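**Q** As input, take query-v2.cif (mmCIF, C-alpha atoms):
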data_model
#
loop_
_atom_site.label_atom_id
_atom_site.label_comp_id
_atom_site.auth_asym_id
_atom_site.auth_seq_id
_atom_site.Cartn_x
_atom_site.Cartn_y
_atom_site.Cartn_z
CA MET P 554 -16.73 29.94 15.53
CA ASP P 555 -18.59 30.14 18.84
CA LYS P 556 -21.88 30.85 17.03
CA LEU P 557 -21.66 28.08 14.42
CA ALA P 558 -23.79 24.98 14.94
CA VAL P 559 -21.94 21.89 16.10
CA GLU P 560 -23.05 20.00 12.99
CA LEU P 561 -21.48 22.66 10.77
CA LEU P 562 -18.23 22.57 12.75
CA THR P 563 -18.13 18.80 12.35
CA LEU P 564 -18.61 19.13 8.59
CA ILE P 565 -15.83 21.74 8.37
CA SER P 566 -13.57 19.45 10.37
CA LEU P 567 -14.32 16.59 7.99
CA TYR P 568 -13.00 18.56 5.02
CA ALA P 569 -9.96 19.64 7.03
CA CYS P 570 -8.92 16.21 8.33
CA THR P 571 -7.52 14.92 5.03
CA ASP P 572 -3.78 15.20 5.73
CA GLY P 573 -3.11 11.95 7.56
CA GLY P 574 -3.98 13.02 11.10
CA TYR P 575 -2.07 16.24 11.81
CA THR P 576 -5.08 18.55 11.47
CA GLY P 577 -7.31 16.24 13.49
CA CYS P 578 -4.79 16.24 16.31
CA SER P 579 -4.45 20.03 16.14
CA LEU P 580 -8.22 20.58 16.25
CA SER P 581 -8.47 18.56 19.44
CA LEU P 582 -6.16 21.08 21.12
CA VAL P 583 -8.01 24.27 20.08
CA SER P 584 -10.80 24.28 22.64
CA LYS P 585 -13.23 21.95 24.35
CA ARG P 586 -16.02 22.89 21.91
CA ILE P 587 -13.87 22.32 18.83
CA ARG P 588 -12.55 19.07 20.28
CA GLU P 589 -16.08 17.78 20.83
CA ALA P 590 -17.29 18.93 17.41
CA SER P 591 -14.31 17.40 15.55
CA ARG P 592 -14.20 14.12 17.51
CA PRO P 593 -16.37 12.09 15.04
CA VAL P 594 -14.04 12.97 12.13
CA ARG P 595 -10.74 13.47 13.92
CA PHE P 596 -9.39 10.16 12.57
CA TYR P 597 -10.90 10.55 9.08
CA SER P 598 -7.45 10.06 7.51
CA ILE P 599 -4.54 8.48 9.37
CA SER P 600 -0.88 8.01 8.40
CA LEU P 601 1.06 5.35 10.36
CA VAL P 602 4.45 5.06 8.66
CA THR P 603 6.94 5.51 11.50
CA SER P 604 7.11 2.61 13.95
CA PRO P 605 5.16 -0.05 15.86
CA ALA P 606 5.06 2.36 18.81
CA GLN P 607 3.19 4.89 16.64
CA VAL P 608 0.58 2.24 15.79
CA GLU P 609 0.18 1.30 19.44
CA GLN P 610 -0.16 4.93 20.54
CA PHE P 611 -2.76 5.56 17.87
CA MET P 612 -4.81 2.53 18.92
CA ASP P 613 -4.79 3.66 22.54
CA CYS P 614 -5.95 7.12 21.48
CA LEU P 615 -8.65 5.73 19.17
CA GLN P 616 -10.10 3.50 21.88
CA LYS P 617 -10.17 6.34 24.41
CA GLU P 618 -11.94 8.66 21.98
CA ARG P 619 -14.47 5.98 21.07
CA ALA P 620 -15.18 5.37 24.78
CA ARG P 621 -15.91 9.09 25.20
CA SER P 622 -18.40 9.17 22.33
CA PRO P 623 -20.14 5.79 21.93
CA GLU P 624 -23.13 7.41 20.21
CA MET P 625 -20.91 8.93 17.44
CA LEU P 626 -17.89 6.64 17.15
CA PRO P 627 -14.81 8.22 15.54
CA ARG P 628 -14.09 6.19 12.41
CA VAL P 629 -10.99 5.82 10.24
CA ARG P 630 -11.94 6.20 6.59
CA HIS P 631 -8.49 6.51 4.98
CA LEU P 632 -5.35 4.73 6.22
CA ILE P 633 -1.75 4.39 5.11
CA LEU P 634 0.34 1.85 7.03
CA SER P 635 4.04 1.07 6.58
CA LEU P 636 5.64 -1.97 8.20
CA PHE P 637 9.23 -0.91 7.57
CA GLY P 638 9.61 1.02 10.79
CA ARG P 639 12.62 3.04 11.83
CA GLY P 640 14.64 -0.06 12.62
CA LEU P 641 15.35 -0.67 8.94
CA GLU P 642 16.76 2.83 8.53
CA MET P 643 19.40 2.33 11.22
CA THR P 644 22.56 0.62 10.08
CA PRO P 645 26.01 0.34 11.64
CA SER P 646 27.81 3.62 11.03
CA THR P 647 31.36 2.63 11.84
CA ASN P 648 33.59 3.75 8.97
CA ALA P 649 30.45 4.26 6.91
CA SER P 650 32.03 6.95 4.77
CA ARG P 651 35.17 4.92 3.95
CA GLN P 652 35.15 2.63 0.94
CA PRO P 653 36.25 -1.01 1.54
CA ALA P 654 39.93 -1.48 0.77
CA SER P 655 39.54 -5.11 -0.33
CA ARG P 656 36.98 -7.71 -1.30
CA ALA P 657 37.33 -9.35 2.12
CA GLU P 658 36.58 -6.05 3.85
CA PHE P 659 33.59 -5.48 1.58
CA LEU P 660 32.17 -8.94 2.35
CA ALA P 661 32.73 -8.43 6.07
CA SER P 662 30.90 -5.10 5.92
CA LEU P 663 28.06 -6.68 3.94
CA ASN P 664 27.80 -9.48 6.50
CA ARG P 665 27.57 -6.97 9.37
CA ARG P 666 24.80 -5.05 7.60
CA THR P 667 22.91 -8.28 6.88
CA GLN P 668 23.13 -9.39 10.51
CA HIS P 669 21.96 -5.98 11.67
CA TRP P 670 19.05 -6.03 9.21
CA ARG P 671 17.95 -9.49 10.37
CA SER P 672 18.15 -8.44 14.00
CA ALA P 673 16.14 -5.28 13.31
CA GLN P 674 13.58 -7.23 11.26
CA ASP P 675 13.13 -9.85 13.99
CA ASN P 676 12.47 -7.05 16.46
CA LEU P 677 9.96 -5.41 14.10
CA ASP P 678 8.21 -8.73 13.45
CA GLU P 679 7.60 -9.18 17.15
CA GLN P 680 6.35 -5.63 17.68
CA TYR P 681 4.10 -5.47 14.64
CA ALA P 682 2.64 -8.89 15.46
CA ARG P 683 1.23 -7.32 18.62
CA THR P 684 -0.17 -4.17 17.03
CA VAL P 685 -1.19 -4.77 13.41
CA PRO P 686 -3.96 -7.38 13.96
CA ARG P 687 -5.52 -5.14 16.60
CA LEU P 688 -5.41 -2.16 14.25
CA ILE P 689 -6.82 -4.00 11.25
CA ARG P 690 -9.72 -5.50 13.21
CA SER P 691 -10.63 -2.02 14.49
CA VAL P 692 -10.56 -0.11 11.21
CA ALA P 693 -11.38 -2.67 8.48
CA PRO P 694 -15.19 -2.24 8.65
CA ASP P 695 -14.98 1.53 8.04
CA LEU P 696 -12.13 2.09 5.55
CA TYR P 697 -12.66 3.73 2.17
CA THR P 698 -8.98 3.78 1.07
CA PHE P 699 -6.04 1.75 2.37
CA ALA P 700 -2.35 1.85 1.40
CA LEU P 701 -0.22 -0.93 2.92
CA ILE P 702 3.57 -0.91 2.54
CA GLN P 703 5.04 -4.21 3.68
CA ALA P 704 8.63 -5.17 4.38
CA GLN P 705 9.73 -8.73 5.09
CA TRP P 706 7.19 -8.88 7.88
CA ARG P 707 6.60 -12.51 8.81
CA SER P 708 3.11 -12.72 10.25
CA SER P 709 2.02 -15.93 11.93
CA SER P 710 -1.44 -14.63 12.78
CA ILE P 711 -4.45 -14.38 10.50
CA VAL P 712 -6.85 -11.49 11.00
CA ARG P 713 -10.45 -12.61 10.59
CA CYS P 714 -12.07 -9.60 8.97
CA SER P 715 -13.32 -8.12 5.72
CA PHE P 716 -13.33 -4.68 4.15
CA PRO P 717 -16.99 -4.11 3.19
CA LEU P 718 -16.65 -0.40 2.34
CA LEU P 719 -13.12 -0.29 0.90
CA ARG P 720 -13.07 1.45 -2.48
CA GLU P 721 -9.35 1.76 -3.18
CA LEU P 722 -6.40 -0.41 -2.15
CA THR P 723 -2.67 0.04 -2.71
CA LEU P 724 -0.38 -2.83 -1.76
CA CYS P 725 3.41 -2.51 -1.82
CA GLY P 726 5.23 -5.81 -1.29
CA GLY P 727 2.57 -8.37 -2.16
CA ASP P 728 -0.75 -9.49 -0.72
CA PRO P 729 -1.44 -8.68 2.97
CA SER P 730 0.46 -11.36 4.89
CA PHE P 731 -2.11 -11.26 7.70
CA LEU P 732 -4.99 -12.00 5.31
CA PRO P 733 -3.96 -14.87 2.97
CA PHE P 734 -6.52 -15.98 0.40
CA ALA P 735 -5.63 -19.64 0.99
CA PHE P 736 -7.29 -19.58 4.41
CA LEU P 737 -10.44 -17.80 3.30
CA PRO P 738 -13.62 -19.01 1.55
CA SER P 739 -13.89 -17.66 -1.98
CA ASP P 740 -17.69 -17.42 -1.88
CA ARG P 741 -17.50 -14.42 0.48
CA PRO P 742 -15.44 -11.65 -1.12
CA LEU P 743 -13.13 -9.78 1.22
CA TYR P 744 -13.38 -6.58 -0.81
CA PRO P 745 -16.91 -6.42 -2.24
CA SER P 746 -16.87 -2.64 -2.79
CA LEU P 747 -13.31 -2.33 -4.14
CA ARG P 748 -13.09 -0.32 -7.37
CA ARG P 749 -9.38 0.48 -7.69
CA LEU P 750 -6.54 -1.96 -6.99
CA HIS P 751 -2.86 -1.02 -7.22
CA HIS P 752 -0.14 -3.62 -6.69
CA ILE P 753 3.46 -2.38 -6.35
CA LEU P 754 5.68 -5.45 -6.68
CA ALA P 755 8.68 -4.08 -4.79
CA TRP P 756 11.39 -5.81 -2.75
CA ILE P 757 9.60 -9.11 -2.24
CA GLY P 758 9.22 -11.77 -4.93
CA ARG P 759 5.91 -13.08 -3.61
CA ASP P 760 3.35 -14.56 -5.94
CA VAL P 761 0.33 -12.37 -6.61
CA ASP P 762 -2.53 -14.45 -7.99
CA PHE P 763 -4.88 -12.09 -9.80
CA MET P 764 -7.41 -14.91 -10.27
CA GLN P 765 -7.83 -14.92 -6.49
CA TRP P 766 -8.12 -11.15 -6.49
CA ALA P 767 -10.86 -11.36 -9.09
CA LYS P 768 -12.83 -13.62 -6.73
CA HIS P 769 -12.36 -11.46 -3.65
CA ALA P 770 -12.69 -8.07 -5.39
CA PRO P 771 -15.23 -8.78 -8.14
CA ASN P 772 -16.22 -5.14 -8.69
CA VAL P 773 -12.80 -3.71 -9.55
CA THR P 774 -12.96 -1.21 -12.40
CA HIS P 775 -9.35 0.08 -12.41
CA LEU P 776 -6.27 -2.12 -12.04
CA ARG P 777 -2.65 -1.00 -11.87
CA VAL P 778 0.46 -3.18 -11.49
CA SER P 779 3.76 -1.38 -10.88
CA ARG P 780 7.31 -2.76 -11.04
CA LEU P 781 6.08 -5.83 -12.91
CA ASP P 782 8.85 -8.34 -13.72
CA HIS P 783 8.79 -11.54 -15.75
CA LEU P 784 8.97 -13.51 -12.48
CA PRO P 785 7.12 -14.88 -10.57
CA ARG P 786 5.31 -16.42 -13.53
CA ILE P 787 2.03 -16.86 -11.64
CA THR P 788 1.84 -13.08 -11.25
CA VAL P 789 2.39 -12.39 -14.95
CA ASP P 790 0.25 -15.27 -16.20
CA THR P 791 -2.77 -14.55 -13.98
CA LEU P 792 -2.59 -10.85 -14.85
CA ASP P 793 -2.69 -11.80 -18.51
CA GLN P 794 -5.69 -14.05 -17.90
CA VAL P 795 -7.89 -11.67 -15.90
CA ILE P 796 -7.64 -8.91 -18.51
CA SER P 797 -7.87 -11.17 -21.56
CA ASP P 798 -10.99 -11.68 -23.65
CA SER P 799 -11.07 -15.39 -22.76
CA TYR P 800 -11.74 -14.84 -19.05
CA ARG P 801 -14.59 -12.33 -18.94
CA ASP P 802 -15.94 -13.78 -15.70
CA TYR P 803 -12.89 -12.41 -13.87
CA PHE P 804 -13.11 -8.71 -13.04
CA PRO P 805 -16.32 -8.45 -15.10
CA HIS P 806 -16.56 -4.70 -14.41
CA LEU P 807 -12.94 -3.92 -15.31
CA ARG P 808 -12.65 -0.81 -17.49
CA ARG P 809 -8.97 0.09 -17.59
CA ALA P 810 -5.58 -1.26 -16.58
CA MET P 811 -2.09 0.17 -16.22
CA ILE P 812 1.20 -1.73 -16.19
CA GLU P 813 4.54 -0.24 -15.18
CA PRO P 814 7.51 -2.55 -15.88
CA HIS P 815 10.34 -2.86 -13.39
CA PRO P 816 13.52 -0.79 -13.99
CA ALA P 817 15.64 -1.64 -17.00
CA PRO P 818 19.08 -3.22 -16.52
CA PRO P 819 21.93 -0.72 -16.15
CA PRO P 820 23.23 0.51 -19.53
CA CYS P 821 26.43 -1.03 -20.83
CA ALA P 822 28.56 -0.90 -23.97
CA GLN P 823 27.31 -4.25 -25.27
CA MET P 824 23.83 -5.71 -24.93
CA SER P 825 23.81 -8.51 -22.37
CA THR P 826 21.46 -11.44 -21.77
CA ALA P 827 19.65 -9.34 -19.18
CA HIS P 828 19.05 -6.57 -21.73
CA LEU P 829 17.73 -9.06 -24.31
CA ALA P 830 15.41 -10.64 -21.73
CA PHE P 831 14.11 -7.22 -20.70
CA ARG P 832 13.48 -6.24 -24.32
CA ASP P 833 11.55 -9.48 -24.87
CA PHE P 834 9.53 -8.82 -21.71
CA LEU P 835 8.51 -5.36 -22.95
CA CYS P 836 7.42 -6.91 -26.26
CA TYR P 837 5.38 -9.46 -24.32
CA LEU P 838 3.63 -6.66 -22.40
CA ASP P 839 2.78 -4.89 -25.65
CA ARG P 840 1.19 -8.09 -26.99
CA LEU P 841 -0.65 -8.54 -23.68
CA ALA P 842 -2.14 -5.07 -24.04
CA GLU P 843 -3.18 -5.73 -27.64
CA ARG P 844 -5.17 -8.84 -26.80
CA ALA P 845 -6.78 -7.46 -23.62
CA ARG P 846 -10.52 -6.87 -23.52
CA VAL P 847 -10.08 -3.43 -21.88
CA PRO P 848 -7.75 -0.51 -22.63
CA VAL P 849 -4.31 -1.26 -21.14
CA LYS P 850 -1.66 1.44 -20.79
CA VAL P 851 1.87 0.04 -20.66
CA LEU P 852 3.92 2.78 -19.04
CA PRO P 853 7.64 3.32 -19.59
CA PRO P 854 9.85 1.21 -17.29
CA LEU P 855 10.23 2.65 -13.83
CA LYS P 856 13.16 5.03 -13.45
CA VAL P 857 14.62 5.00 -9.97
CA PRO P 858 15.72 8.55 -9.05
CA PRO P 859 19.07 9.14 -7.34
CA LEU P 860 18.80 8.82 -3.59
CA PRO P 861 19.19 12.06 -1.62
CA ALA P 862 21.90 12.02 1.02
CA GLY P 863 20.85 9.88 3.96
CA ALA P 864 17.70 8.55 2.27
CA THR P 865 16.83 4.92 1.57
CA PRO P 866 14.81 3.37 -1.28
CA GLN P 867 12.16 2.44 1.28
CA GLN P 868 11.80 6.05 2.39
CA LEU P 869 11.38 7.24 -1.20
CA CYS P 870 8.74 4.59 -1.81
CA ILE P 871 6.82 5.54 1.34
CA MET P 872 6.92 9.20 0.34
CA ARG P 873 5.61 8.46 -3.15
CA VAL P 874 2.84 6.12 -1.97
CA LYS P 875 1.79 8.59 0.73
CA LYS P 876 1.71 11.49 -1.73
CA GLU P 877 -0.52 9.53 -4.11
CA TRP P 878 -2.70 8.29 -1.23
CA LEU P 879 -3.25 11.85 0.03
CA GLU P 880 -4.28 12.91 -3.46
CA ARG P 881 -6.86 10.14 -3.63
CA VAL P 882 -8.25 11.04 -0.19
CA VAL P 883 -9.45 14.32 -1.75
CA ASP P 884 -10.41 12.65 -5.07
CA GLY P 885 -7.23 13.65 -6.91
CA ASP P 886 -5.57 11.58 -9.63
CA GLY P 887 -2.96 9.88 -7.47
CA CYS P 888 -1.29 6.97 -9.27
CA TRP P 889 -4.00 6.93 -11.94
CA GLN P 890 -3.02 10.14 -13.73
CA GLU P 891 -0.45 8.75 -16.17
CA GLY P 892 -2.24 8.12 -19.42
CA LEU P 893 -5.65 7.40 -17.91
CA HIS P 894 -7.30 10.80 -17.64
CA GLY P 895 -11.01 11.14 -18.07
CA ASN P 896 -13.61 9.03 -16.33
CA SER P 897 -12.30 8.66 -12.80
CA ASP P 898 -15.28 7.36 -10.88
#
Take the structure in the file and give it back as structure tokens.
**A**
Amino acid sequence: MDKLAVELLTLISLYACTDGGYTGCSLSLVSKRIREASRPVRFYSISLVTSPAQVEQFMDCLQKERARSPEMLPRVRHLILSLFGRGLEMTPSTNASRQPASRAEFLASLNRRTQHWRSAQDNLDEQYARTVPRLIRSVAPDLYTFALIQAQWRSSSIVRCSFPLLRELTLCGGDPSFLPFAFLPSDRPLYPSLRRLHHILAWIGRDVDFMQWAKHAPNVTHLRVSRLDHLPRITVDTLDQVISDSYRDYFPHLRRAMIEPHPAPPPCAQMSTAHLAFRDFLCYLDRLAERARVPVKVLPPLKVPPLPAGATPQQLCIMRVKKEWLERVVDGDGCWQEGLHGNSD
């Protein structure tokens, strides 16, 4: 290693720093020479899924490293960011293992959990409001892939930025709340280089207007929508429009689309109204695929696996999104493998 050229060490470090930041951090501790050689690519891929404090610590580290090497700025090319934080995992544990003895006790327990959740969310809102805009402004110009997992984060600030190099975007929980389309001019696309867009419509019933996405990401070639429900209607209707033959000006470069319906209602002895509505929705999706101008794969409805002991649905979602994001960092299939093999440029 001592005899290798610095440029070669940097290139080796680039191929090693694809695991979300662990290897980059480890390389900086090997030796002074390795630290200097790996500095430009140390933050090539970064995973920030733990807490606002983790985001703040990363930003401090990034700024210090950039100050040390202004001629070769360390850049973040791949980022996964979760806004759930640890606060949402912590719930009151008093008598947690005992089942409520009455309806009144159940409602009281539910009320305590709701109050705790709101308190934790308010605390997270305040902390993320200080850190997320700073992070996004710093990394947006350089990102190639970005996975954003939102909770009920209520952002009052708008980040003035664009993503000129972003090629792939995964959004869980709706459009980025810090970058609303309503406040932005449509003649300057936010995502001019975006090729793959994946919306996971989990937890939050926010409208996703795919007509707006077609304006701000005009070069999308692959579109996936997961956990799609029949509501909100604007989400379903605009998705139908942008892939239909009647609206070829929207997503003009679109080549393929994938739709994963939300989970089916729980099975029961007799078919209920919910089951009939879900069956009709699946039929609607089949008709949508038939009249689309591009191949559309309608996947089986999402099956939610049993939760391991101590795990939450949010944790499982973060793990799945991160796994697929890591695969895409090294040009793997990621979320695009189900039924859409072949051309993956």
**Q** Could you list, as JSON, numbers by chain, every residue within 9 Å of range 609-611 of chain P, counting only C-alpha atoms and ignoring same-chain residues fewer than 5 positions away?
**A** {"P": [601, 604, 616, 683, 684, 685, 688]}
**Q** Name the residues captured by the PyMOL selection byres ((chain P and resi 865-874) around 12) when it is applied to the shown file; answer as a PyMOL selection string.
**A** chain P and resi 600-603+632-644+699-704+722-726+751-756+779-780+857-864+875-881+887-888
**Q** So which residues get picked by the PyMOL selection byres ((chain P and resi 782) around 12) here, written as a PyMOL selection string?
**A** chain P and resi 753-761+778-781+783-790+792+812-818+830-835+837-838+854-855
**Q** Give me the residues near Phe736 in chain P as a PyMOL selection string, where near means some atom within 9 Å (using all atoms listed in the file) and where sequence neighbours in that chain fewer than 3 positions away do not count.
**A** chain P and resi 711+732-733
**Q** Smallest atom-to-atom distance to Pro593 in chain P: which of P:Leu626, P:Leu615, P:Leu750, P:Ala606, using all atoms listed in the file?
**A**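 Closest candidate: P:Leu626.
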**Q** Kindly resolve the PyMOL selection byres ((chain P and resi 597) around 6) on the present coordinates and return the residues as a count of residues only.
**A** 6
**Q** To one decimal place, how far is CA of Val849 in chain P from CA of Glu721 in chain P in Å?
**A**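 Between these atoms lies a distance of 18.9 Å.
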**Q** Kindly give the distance, in Å, that separates CA of Met625 in chain P and CA of Arg748 in chain P, rounded to a single decimal.
**A**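 A separation of 27.6 Å between them.
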**Q** Report the distance between CA of Gly577 in chain P and CA of Ile599 in chain P in Å, rounded to one decimal place.
**A**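 About the pair CA of Gly577 in chain P and CA of Ile599 in chain P: they are 9.2 Å apart.
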**Q** Using all atoms listed in the file, find the one residue out of P:Ser739, P:Gly727, P:Asn772, P:Asp884 that sits nearest to Tyr568 in chain P.
**A**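 Using all atoms listed in the file, the shortest distance to Tyr568 in chain P belongs to P:Asp884.
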**Q** For a quick check of your reading of the model, name the residues lying within 9 Å of the coordinate (-5.1, -15.4, 12.9), counting only C-alpha atoms, and write them as a list in words.
**A**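 These residues have at least one counted atom within 9 Å: Pro686, Ser709, Ser710, Ile711, Val712, Arg713, Phe731 and Leu732 of chain P.
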**Q** Write the selection just made, keeping C-alpha atoms, as a PDB file, in the frame of the given file?
**A**
ATOM      1  CA  PRO P 686      -3.960  -7.380  13.960  1.00  0.00           C
ATOM      2  CA  SER P 709       2.020 -15.930  11.930  1.00  0.00           C
ATOM      3  CA  SER P 710      -1.440 -14.630  12.780  1.00  0.00           C
ATOM      4  CA  ILE P 711      -4.450 -14.380  10.500  1.00  0.00           C
ATOM      5  CA  VAL P 712      -6.850 -11.490  11.000  1.00  0.00           C
ATOM      6  CA  ARG P 713     -10.450 -12.610  10.590  1.00  0.00           C
ATOM      7  CA  PHE P 731      -2.110 -11.260   7.700  1.00  0.00           C
ATOM      8  CA  LEU P 732      -4.990 -12.000   5.310  1.00  0.00           C
TER       9      LEU P 732
END
**Q** Using only C-alpha atoms, determine which residues lie at most 6 Å from Ser746 in chain P, disregarding the query and same-chain residues fewer than 6 positions distant; provide the list as a list of chain:residue names.
**A**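 In the requested format, the answer is P:Leu718, P:Leu719, P:Arg720.
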